[in-house]
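Okay, structure first, notes after.
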Amino acid sequence: MIDDVKQAARQLTEPEQEEVTLGRATVLQIFPHGRRERIAGVRVTSGLMRRNARMIVSRRGEELFEGAVSSMRHFDDNVREIATNYEGGIVLDGFHDYEEGDIITCYELRAVAAH
(Lines give C-alpha, C1' and ligand atoms only; values in the text may rest on other atoms or scores of the structure.)
Protein backbone atom coordinates (compact mmCIF):
# COMPACT_ATOMS: atom_id res chain seq x y z
CA MET A 1 0.00 0.00 0.00
CA ILE A 2 2.88 2.38 0.76
CA ASP A 3 4.33 1.72 -2.70
CA ASP A 4 0.96 2.57 -4.28
CA VAL A 5 0.87 5.90 -2.42
CA LYS A 6 4.46 6.68 -3.48
CA GLN A 7 3.61 5.87 -7.12
CA ALA A 8 0.51 8.08 -7.02
CA ALA A 9 2.49 10.95 -5.49
CA ARG A 10 5.22 10.54 -8.13
CA GLN A 11 2.63 10.77 -10.92
CA LEU A 12 1.33 14.01 -9.44
CA THR A 13 4.78 15.63 -9.25
CA GLU A 14 6.48 14.33 -12.42
CA PRO A 15 4.93 15.56 -15.67
CA GLU A 16 4.41 12.87 -18.28
CA GLN A 17 6.65 13.33 -21.31
CA GLU A 18 6.27 12.39 -24.94
CA GLU A 19 8.86 12.04 -27.69
CA VAL A 20 8.27 14.55 -30.52
CA THR A 21 10.17 13.92 -33.77
CA LEU A 22 11.65 17.12 -35.18
CA GLY A 23 13.33 15.76 -38.31
CA ARG A 24 15.37 13.11 -40.07
CA ALA A 25 18.67 13.19 -41.94
CA THR A 26 20.59 10.70 -44.05
CA VAL A 27 24.34 10.21 -43.67
CA LEU A 28 25.92 10.89 -47.07
CA GLN A 29 29.60 10.84 -46.16
CA ILE A 30 31.85 10.29 -43.14
CA PHE A 31 34.81 12.54 -42.35
CA PRO A 32 37.62 11.61 -39.93
CA HIS A 33 38.32 14.19 -37.22
CA GLY A 34 41.17 13.52 -34.82
CA ARG A 35 42.13 10.02 -33.71
CA ARG A 36 38.73 8.44 -33.04
CA GLU A 37 36.12 11.07 -33.77
CA ARG A 38 34.18 10.99 -37.01
CA ILE A 39 31.84 13.59 -38.46
CA ALA A 40 28.63 12.51 -40.19
CA GLY A 41 28.06 14.55 -43.33
CA VAL A 42 24.25 14.62 -43.57
CA ARG A 43 21.39 15.93 -45.68
CA VAL A 44 18.19 16.73 -43.78
CA THR A 45 15.36 14.92 -45.55
CA SER A 46 12.45 16.15 -43.40
CA GLY A 47 11.91 18.66 -40.62
CA LEU A 48 15.04 19.99 -38.97
CA MET A 49 17.97 18.87 -36.90
CA ARG A 50 18.33 20.91 -33.70
CA ARG A 51 21.58 21.08 -31.74
CA ASN A 52 20.02 20.96 -28.26
CA ALA A 53 17.73 18.01 -29.11
CA ARG A 54 18.41 14.27 -28.81
CA MET A 55 19.42 12.05 -31.75
CA ILE A 56 18.80 8.42 -32.65
CA VAL A 57 21.07 6.71 -35.19
CA SER A 58 19.51 3.77 -37.01
CA ARG A 59 20.79 1.44 -39.68
CA ARG A 60 18.49 -0.82 -41.70
CA GLY A 61 15.70 -0.27 -39.19
CA GLU A 62 17.82 -1.12 -36.14
CA GLU A 63 18.49 1.56 -33.53
CA LEU A 64 22.25 1.80 -32.87
CA PHE A 65 22.64 4.83 -30.63
CA GLU A 66 20.65 7.46 -28.80
CA GLY A 67 22.29 10.56 -27.37
CA ALA A 68 23.18 14.23 -27.53
CA VAL A 69 24.85 16.37 -30.18
CA SER A 70 28.36 17.58 -29.39
CA SER A 71 28.80 19.61 -32.61
CA MET A 72 26.66 20.75 -35.54
CA ARG A 73 28.04 22.70 -38.49
CA HIS A 74 26.89 24.08 -41.81
CA PHE A 75 29.99 24.67 -43.92
CA ASP A 76 32.40 26.46 -41.51
CA ASP A 77 29.72 27.86 -39.21
CA ASN A 78 28.56 26.38 -35.91
CA VAL A 79 24.76 26.32 -36.15
CA ARG A 80 21.84 25.62 -33.82
CA GLU A 81 19.79 23.84 -36.48
CA ILE A 82 19.85 22.54 -40.04
CA ALA A 83 16.61 22.68 -42.05
CA THR A 84 15.14 20.37 -44.72
CA ASN A 85 17.22 19.93 -47.91
CA TYR A 86 20.31 21.49 -46.33
CA GLU A 87 23.55 19.66 -45.63
CA GLY A 88 25.80 19.83 -42.62
CA GLY A 89 28.09 17.96 -40.28
CA ILE A 90 26.98 16.35 -37.03
CA VAL A 91 29.11 14.88 -34.25
CA LEU A 92 27.23 12.91 -31.61
CA ASP A 93 28.57 12.63 -28.10
CA GLY A 94 30.01 9.11 -27.79
CA PHE A 95 29.13 7.67 -31.22
CA HIS A 96 31.57 7.44 -34.13
CA ASP A 97 30.52 4.30 -36.00
CA TYR A 98 28.59 5.99 -38.83
CA GLU A 99 28.04 4.35 -42.20
CA GLU A 100 26.73 5.93 -45.37
CA GLY A 101 22.97 5.53 -45.49
CA ASP A 102 22.44 5.68 -41.71
CA ILE A 103 19.35 7.61 -40.64
CA ILE A 104 19.62 10.16 -37.84
CA THR A 105 16.32 11.07 -36.21
CA CYS A 106 16.14 14.26 -34.16
CA TYR A 107 13.62 14.43 -31.31
CA GLU A 108 12.88 16.23 -28.10
CA LEU A 109 10.89 15.36 -24.99
CA ARG A 110 7.91 17.58 -24.27
CA ALA A 111 5.74 17.59 -21.18
CA VAL A 112 2.21 16.35 -21.72
CA ALA A 113 -0.60 18.23 -20.03
CA ALA A 114 -2.26 16.21 -17.26
CA HIS A 115 -5.87 15.26 -17.89
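Chains: A, B, ... in order of the C-alpha coordinates. Residues: from 1 per chain. Ligands: from 1, in order shown.
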
Q | Near-Asp102 (chain A) list (8 Å; only C-alpha atoms; drop same-chain fewer than 5 positions) as an MDAnalysis selection string | A | chainID A and resid 26:27 57:60

Q: Write down as a count of residues only the residues belonging to chain A that are assigned strand (DSSP E) by DSSP computed on the backbone.
A: 70

Q | Given only C-alpha atoms as the counted atoms, nearest of A:Val112, A:Ala40, A:Val91, A:Ile56 to Met72 (chain A) | A | A:Val91

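Among the candidates A:Glu63, A:Glu108, A:Asp97, A:Glu87, the residue lying nearest to Leu28 (chain A) is A:Glu87 (atoms considered: only C-alpha atoms).
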
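The two atoms in question, CA of Val42 (chain A) and CA of Ala111 (chain A), are spaced 29.2 Å apart.
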
Q: Figure out the distance between CA of Leu22 (chain A) and CA of Arg110 (chain A), please, to one decimal in Å.
A: 11.5 Å

**Q.** Interatomic distance, CA of Ala83 (chain A) to CA of Ile39 (chain A) (Å, one decimal)
**A.** 18.1 Å

Q: Enumerate, as a list in words, the complete set of residues in region 6-71 of chain A that a backbone-based DSSP assignment places in alpha helix (DSSP H).
A: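 Filtering region 6-71 of chain A down to alpha helix (DSSP H) leaves Lys6, Gln7, Ala8, Ala9, Arg10, Gln11, Leu12 and Thr13 of chain A.
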
**Q.** Residue among A:Ile104, A:Ala25, A:Val79, A:Val44 lying closest to Glu62 (chain A), counting only C-alpha atoms
**A.** A:Ile104

Q) With distances taken over only C-alpha atoms, which of A:Arg43, A:Arg35, A:Arg80, A:Arg50 is nearest to Cys106 (chain A)? A)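 That would be A:Arg50, the residue with the smallest distance to Cys106 (chain A).
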
(Q) When you count only C-alpha atoms, which of these residues is closest to Gly41 (chain A): A:Lys6, A:Phe95, A:Gln29, A:Asn85? (A)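 Distance minimum relative to Gly41 (chain A) lands on A:Gln29.
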